[in-house]
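File shown here: final26.csv, holding CSV, C-alpha atoms.
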```csv
chain,number,residue,atom,x,y,z
A,1,MET,CA,16.9,65.5,60.5
A,2,THR,CA,13.4,63.9,60.0
A,3,ALA,CA,10.9,64.0,62.8
A,4,TYR,CA,9.8,60.5,62.1
A,5,ARG,CA,11.9,57.5,61.3
A,6,GLU,CA,10.3,54.3,60.1
A,7,VAL,CA,10.8,51.4,62.5
A,8,VAL,CA,12.2,48.3,60.9
A,9,VAL,CA,11.3,45.1,62.6
A,10,ARG,CA,13.9,42.4,61.8
A,11,THR,CA,12.7,38.9,61.6
A,12,PRO,CA,15.2,36.4,63.3
A,13,LEU,CA,16.9,34.1,60.8
A,14,ALA,CA,15.5,31.0,62.6
A,15,LEU,CA,11.9,32.2,61.9
A,16,LYS,CA,12.8,32.7,58.2
A,17,VAL,CA,14.2,29.3,57.9
A,18,LEU,CA,11.5,27.5,59.9
A,19,PRO,CA,8.9,27.3,57.0
A,20,VAL,CA,11.5,25.9,54.7
A,21,VAL,CA,12.5,23.3,57.2
A,22,SER,CA,8.8,22.4,57.9
A,23,VAL,CA,8.0,21.9,54.2
A,24,ALA,CA,11.2,19.9,53.6
A,25,THR,CA,10.6,17.7,56.6
A,26,PHE,CA,7.1,17.0,55.4
A,27,PHE,CA,8.1,15.9,51.9
A,28,ILE,CA,11.1,13.8,53.2
A,29,ALA,CA,8.8,12.0,55.7
A,30,TRP,CA,6.3,11.4,52.9
A,31,GLU,CA,9.0,10.0,50.6
A,32,ILE,CA,10.3,7.7,53.3
A,33,ILE,CA,6.8,6.4,54.3
A,34,VAL,CA,6.1,5.4,50.7
A,35,ARG,CA,9.6,4.1,49.9
A,36,THR,CA,9.7,1.9,53.0
A,37,GLY,CA,6.3,0.4,52.3
A,38,VAL,CA,4.5,1.8,55.3
A,39,VAL,CA,1.9,3.1,52.8
A,40,PRO,CA,1.9,1.1,49.5
A,41,ASP,CA,2.7,3.0,46.4
A,42,THR,CA,-0.6,1.7,44.9
A,43,MET,CA,-2.4,3.9,47.5
A,44,LEU,CA,-0.1,6.9,47.7
A,45,ALA,CA,2.6,8.1,45.3
A,46,ALA,CA,5.9,9.3,46.5
A,47,PRO,CA,6.9,13.0,45.9
A,48,SER,CA,9.6,11.9,43.5
A,49,THR,CA,7.1,10.0,41.4
A,50,VAL,CA,4.7,12.9,41.4
A,51,THR,CA,7.6,15.2,40.4
A,52,GLN,CA,8.6,12.9,37.5
A,53,LEU,CA,5.0,12.9,36.2
A,54,LEU,CA,4.8,16.7,36.6
A,55,PHE,CA,7.7,17.2,34.1
A,56,ASP,CA,6.4,14.5,31.8
A,57,LYS,CA,2.9,16.1,31.6
A,58,PHE,CA,4.4,19.3,30.1
A,59,THR,CA,5.1,17.4,26.9
A,60,ASN,CA,3.1,14.2,27.0
A,61,VAL,CA,-0.7,14.1,26.6
A,62,ASP,CA,-1.0,10.5,27.7
A,63,PRO,CA,-2.9,9.0,29.4
A,64,ASP,CA,-5.6,11.7,30.0
A,65,GLY,CA,-5.5,13.4,26.6
A,66,ALA,CA,-4.1,16.8,27.5
A,67,LEU,CA,-1.0,18.5,28.7
A,68,LEU,CA,-0.8,19.8,32.3
A,69,HIS,CA,-1.0,23.5,31.4
A,70,GLN,CA,-4.0,22.8,29.2
A,71,HIS,CA,-5.9,21.2,32.1
A,72,ALA,CA,-4.9,24.2,34.3
A,73,TRP,CA,-5.9,26.8,31.7
A,74,ILE,CA,-9.3,25.2,31.2
A,75,SER,CA,-10.0,25.2,34.9
A,76,ILE,CA,-8.9,28.8,35.2
A,77,GLN,CA,-11.2,29.9,32.4
A,78,GLU,CA,-14.1,28.1,34.0
A,79,ALA,CA,-13.3,29.4,37.5
A,80,PHE,CA,-12.9,33.1,36.4
A,81,GLY,CA,-16.0,32.9,34.2
A,82,GLY,CA,-18.2,31.9,37.1
A,83,TYR,CA,-16.3,34.0,39.6
A,84,PHE,CA,-16.8,37.3,37.8
A,85,LEU,CA,-20.4,36.5,37.0
A,86,ALA,CA,-21.0,35.8,40.7
A,87,LEU,CA,-19.4,39.2,41.5
A,88,ALA,CA,-21.5,41.0,38.8
A,89,VAL,CA,-24.8,39.6,40.1
A,90,GLY,CA,-24.2,38.9,43.8
A,91,LEU,CA,-22.7,42.2,44.9
A,92,PRO,CA,-25.3,44.5,43.4
A,93,LEU,CA,-28.1,42.2,44.6
A,94,GLY,CA,-26.7,42.0,48.1
A,95,LEU,CA,-26.2,45.8,48.3
A,96,ALA,CA,-29.8,46.4,47.0
A,97,MET,CA,-31.3,43.9,49.4
A,98,GLY,CA,-29.5,45.5,52.3
A,99,TRP,CA,-31.0,49.0,51.7
A,100,PHE,CA,-34.1,48.8,49.6
A,101,ASN,CA,-37.1,47.1,51.2
A,102,VAL,CA,-38.6,46.2,47.9
A,103,ALA,CA,-35.5,44.4,46.7
A,104,GLU,CA,-35.2,42.5,50.0
A,105,GLY,CA,-38.9,41.5,49.9
A,106,LEU,CA,-38.6,40.3,46.3
A,107,ALA,CA,-35.2,38.6,46.3
A,108,ARG,CA,-34.6,37.4,49.9
A,109,PRO,CA,-37.2,34.6,50.0
A,110,ILE,CA,-35.9,33.0,46.8
A,111,PHE,CA,-32.3,33.5,47.9
A,112,GLU,CA,-33.0,31.8,51.3
A,113,ILE,CA,-34.6,28.8,49.5
A,114,ILE,CA,-31.6,28.4,47.1
A,115,ARG,CA,-28.8,29.2,49.5
A,116,PRO,CA,-28.8,25.9,51.5
A,117,ILE,CA,-28.7,23.8,48.3
A,118,PRO,CA,-25.1,22.7,47.6
A,119,PRO,CA,-24.0,23.7,44.1
A,120,VAL,CA,-23.0,20.1,43.3
A,121,ALA,CA,-26.7,19.1,43.8
A,122,TRP,CA,-27.4,21.2,40.6
A,123,ILE,CA,-25.0,19.1,38.5
A,124,PRO,CA,-27.6,16.6,37.1
A,125,LEU,CA,-29.9,19.4,36.0
A,126,THR,CA,-26.9,21.4,34.7
A,127,ILE,CA,-25.9,18.4,32.5
A,128,PHE,CA,-29.5,18.3,31.1
A,129,TRP,CA,-29.5,22.1,30.4
A,130,PHE,CA,-25.9,22.8,29.3
A,131,GLY,CA,-24.2,19.4,28.7
A,132,ILE,CA,-20.6,19.0,30.1
A,133,GLY,CA,-19.1,22.0,28.3
A,134,LEU,CA,-18.0,25.4,29.6
A,135,PRO,CA,-21.5,27.0,30.2
A,136,GLY,CA,-22.5,24.2,32.6
A,137,LYS,CA,-19.3,24.6,34.6
A,138,ILE,CA,-19.6,28.3,34.8
A,139,PHE,CA,-23.2,27.9,36.0
A,140,ILE,CA,-22.2,25.6,38.9
A,141,ILE,CA,-19.3,27.9,39.8
A,142,TRP,CA,-21.6,31.0,39.7
A,143,LEU,CA,-23.9,29.3,42.2
A,144,GLY,CA,-21.0,28.6,44.5
A,145,GLY,CA,-19.7,32.2,44.4
A,146,LEU,CA,-23.1,33.9,44.4
A,147,VAL,CA,-24.0,33.1,48.1
A,148,PRO,CA,-21.0,34.8,49.8
A,149,CYS,CA,-21.2,37.8,47.5
A,150,VAL,CA,-24.9,38.4,48.4
A,151,ILE,CA,-24.4,37.8,52.1
A,152,ASN,CA,-21.3,39.9,52.5
A,153,ALA,CA,-22.8,42.8,50.6
A,154,TYR,CA,-26.1,42.6,52.5
A,155,VAL,CA,-24.4,42.5,55.9
A,156,GLY,CA,-22.0,45.3,54.9
A,157,VAL,CA,-25.0,47.6,54.2
A,158,LYS,CA,-26.8,46.6,57.4
A,159,MET,CA,-23.6,47.5,59.4
A,160,THR,CA,-23.8,51.2,58.2
A,161,ASN,CA,-23.8,53.5,61.2
A,162,PRO,CA,-27.5,54.4,61.9
A,163,THR,CA,-26.4,57.7,63.4
A,164,LEU,CA,-24.9,58.7,60.0
A,165,ILE,CA,-28.0,57.6,58.2
A,166,GLN,CA,-30.2,59.7,60.5
A,167,MET,CA,-27.9,62.7,60.1
A,168,ALA,CA,-28.1,62.4,56.3
A,169,ARG,CA,-31.9,62.3,56.5
A,170,THR,CA,-31.9,65.4,58.7
A,171,TYR,CA,-29.9,67.2,56.0
A,172,GLY,CA,-32.5,66.2,53.3
A,173,ALA,CA,-30.6,63.3,51.6
A,174,SER,CA,-32.8,60.9,49.6
A,175,ASP,CA,-32.7,57.2,50.0
A,176,TRP,CA,-30.7,56.8,46.8
A,177,GLN,CA,-28.1,59.4,47.9
A,178,ILE,CA,-27.7,57.7,51.3
A,179,PHE,CA,-27.3,54.3,49.6
A,180,LYS,CA,-24.8,55.6,47.0
A,181,GLN,CA,-22.7,57.9,49.2
A,182,LEU,CA,-23.0,56.3,52.6
A,183,CYS,CA,-24.1,52.6,52.5
A,184,ILE,CA,-21.9,51.5,49.6
A,185,PRO,CA,-18.7,53.0,51.0
A,186,SER,CA,-19.5,51.6,54.5
A,187,ALA,CA,-20.0,48.1,53.0
A,188,LEU,CA,-16.7,48.1,51.1
A,189,PRO,CA,-14.7,46.1,53.7
A,190,MET,CA,-17.3,43.3,53.6
A,191,VAL,CA,-17.5,43.5,49.8
A,192,PHE,CA,-13.7,43.1,49.5
A,193,GLY,CA,-13.9,40.2,52.0
A,194,ALA,CA,-16.4,38.6,49.6
A,195,LEU,CA,-13.7,38.6,46.8
A,196,GLN,CA,-11.6,36.0,48.7
A,197,ILE,CA,-14.5,34.0,50.1
A,198,ALA,CA,-16.2,33.8,46.7
A,199,LEU,CA,-12.9,32.8,45.1
A,200,ALA,CA,-12.5,29.9,47.5
A,201,CYS,CA,-16.1,28.7,46.9
A,202,CYS,CA,-15.8,29.0,43.1
A,203,TRP,CA,-12.6,27.1,43.0
A,204,THR,CA,-13.9,24.3,45.3
A,205,ASN,CA,-17.1,23.9,43.2
A,206,LEU,CA,-15.1,23.9,40.0
A,207,VAL,CA,-13.2,20.8,41.1
A,208,ALA,CA,-16.4,19.2,42.3
A,209,ALA,CA,-18.0,19.8,38.9
A,210,GLU,CA,-15.1,18.5,37.0
A,211,LEU,CA,-14.9,15.4,39.2
A,212,LEU,CA,-18.5,14.5,38.2
A,213,ALA,CA,-18.8,15.6,34.6
A,214,ALA,CA,-16.0,16.9,32.5
A,215,ASP,CA,-13.7,16.1,29.5
A,216,ALA,CA,-10.8,18.3,30.6
A,217,GLY,CA,-9.5,20.3,33.6
A,218,LEU,CA,-7.7,19.6,36.8
A,219,GLY,CA,-10.7,17.8,38.4
A,220,PHE,CA,-11.0,15.6,35.3
A,221,MET,CA,-7.2,14.7,35.6
A,222,ILE,CA,-7.9,13.6,39.2
A,223,THR,CA,-10.8,11.4,38.0
A,224,MET,CA,-8.7,9.9,35.3
A,225,GLY,CA,-6.0,9.1,37.8
A,226,ARG,CA,-8.5,7.2,39.9
A,227,ARG,CA,-9.9,5.3,36.9
A,228,LEU,CA,-6.4,4.4,35.7
A,229,ALA,CA,-5.2,3.5,39.2
A,230,MET,CA,-2.5,6.1,39.0
A,231,PRO,CA,-2.2,7.7,42.5
A,232,GLU,CA,0.6,9.9,41.2
A,233,MET,CA,-1.8,11.6,38.8
A,234,VAL,CA,-4.4,12.1,41.5
A,235,VAL,CA,-1.8,13.7,43.8
A,236,LEU,CA,-0.5,15.8,40.9
A,237,GLY,CA,-4.0,17.0,40.2
A,238,MET,CA,-4.6,17.9,43.8
A,239,PHE,CA,-1.2,19.7,44.0
A,240,MET,CA,-2.0,21.8,40.9
A,241,VAL,CA,-5.5,22.6,42.3
A,242,GLY,CA,-3.9,24.0,45.4
A,243,LEU,CA,-1.1,25.7,43.6
A,244,THR,CA,-3.3,27.4,41.0
A,245,GLY,CA,-5.9,28.4,43.6
A,246,ALA,CA,-3.2,29.9,45.8
A,247,PHE,CA,-1.7,31.8,42.8
A,248,ILE,CA,-5.2,33.2,41.9
A,249,GLY,CA,-5.7,34.1,45.6
A,250,VAL,CA,-2.5,36.1,45.7
A,251,ILE,CA,-3.6,38.0,42.5
A,252,ILE,CA,-6.9,38.9,44.1
A,253,ASP,CA,-5.2,40.0,47.3
A,254,ARG,CA,-2.9,42.3,45.5
A,255,VAL,CA,-5.8,43.8,43.4
A,256,GLU,CA,-7.8,44.2,46.7
A,257,LYS,CA,-5.0,46.1,48.4
A,258,ARG,CA,-4.5,48.4,45.4
A,259,LEU,CA,-8.2,49.2,45.2
A,260,LEU,CA,-8.4,49.9,49.0
A,261,ALA,CA,-5.3,52.1,48.8
A,262,GLY,CA,-6.9,54.1,46.0
A,263,ILE,CA,-10.1,54.5,47.9
A,264,ARG,CA,-8.3,55.7,51.0
A,265,ARG,CA,-6.5,58.3,48.9
```

Full structure transcribed into structure tokens:
Amino acid sequence: MTAYREVVVRTPLALKVLPVVSVATFFIAWEIIVRTGVVPDTMLAAPSTVTQLLFDKFTNVDPDGALLHQHAWISIQEAFGGYFLALAVGLPLGLAMGWFNVAEGLARPIFEIIRPIPPVAWIPLTIFWFGIGLPGKIFIIWLGGLVPCVINAYVGVKMTNPTLIQMARTYGASDWQIFKQLCIPSALPMVFGALQIALACCWTNLVAAELLAADAGLGFMITMGRRLAMPEMVVLGMFMVGLTGAFIGVIIDRVEKRLLAGIRR
């Protein structure tokens, strides 16, 4: 007989069904509103029309010049390129700024000047520097993800328990040893929080960049839907942006949980 038995909390069936009912009601109401003419189909496409276009775009490149999965893949490449670059630069910079006075003195003034500038404001210069290809998109996405990475890592280091720091100094630990063995582990919860925040910022700025200057991608598909007066293409592009972003978010969440579990062990 075991001394401890896991408590299983059973969710009522009504609560399990409730999300399905909510989503179904939303789409049915949307379909009725468009079909009855409350909102003209020239302004908003019905879900059935969007679904029809969804299946058509798997095999038909018209009218925007690419298949649906090609648009999604291009956007994912651009998003992950800028995202990982933001992590690689922003997290070490924020950690260093949080502990080393020299790093904070050198980097923080420049960071505080750049931080309030929206990444989309850099798009005209980015077009001059990189054109409308992949490097320019990655640069805009990198700017969007850099800020939360630096801030979260910086705050995480600053939240290190000062009593532990003082105790480490008493035992003769150097600044580098305190930073590596005390500050970085203490900042990890904030660092992992930056993974999700930076992802959201990168994905948002990706769509903004593609809306203004692109020749492929989900944002470009939305722009083409506007130009061609096809609201169903606009809605499909928006739906794919949300679905793809949510899928990437789930992956990041699972990776984060595995890393945290490994650290706890």

Selected residue, from A:Pro185, A:Gly237, A:Gly245, A:Gly219, that lies nearest to Ala200 (chain A) when counting all atoms listed in the file: A:Gly245

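The spacing separating CA of Ile76 (chain A) from CA of Pro19 (chain A) amounts to 28.2 Å.
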
I'd like the neighbourhood of region 220-225 of chain A as a PyMOL selection string, where a residue qualifies if any of its atoms comes within 6 Å (using only C-alpha atoms), though same-chain residues fewer than 3 positions away should be ignored. chain A and resi 210-211+214+216-217+228-230+233-234+237

Please measure the separation of CA of Trp142 (chain A) and CA of Ala86 (chain A), giving the value in Å to one decimal.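 Separation between CA of Trp142 (chain A) and CA of Ala86 (chain A): 4.9 Å.
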
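Proximity to Ile117 (chain A) was assessed for A:Gly156, A:Gly94, A:Pro47, A:Gly144 counting only C-alpha atoms; the smallest distance is recorded for A:Gly144.
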
I'd like the neighbourhood of Met240 (chain A) as a PyMOL selection string, where a residue qualifies if any of its atoms comes within 9 Å (using all atoms listed in the file), though same-chain residues fewer than 4 positions away should be ignored. chain A and resi 68+72+218+235-236+244-245

Which one of A:Gly172, A:Pro162, A:Pro119, A:Pro135 sits closest to Gly82 (chain A) if you count only C-alpha atoms?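 Distance minimum relative to Gly82 (chain A) lands on A:Pro135.
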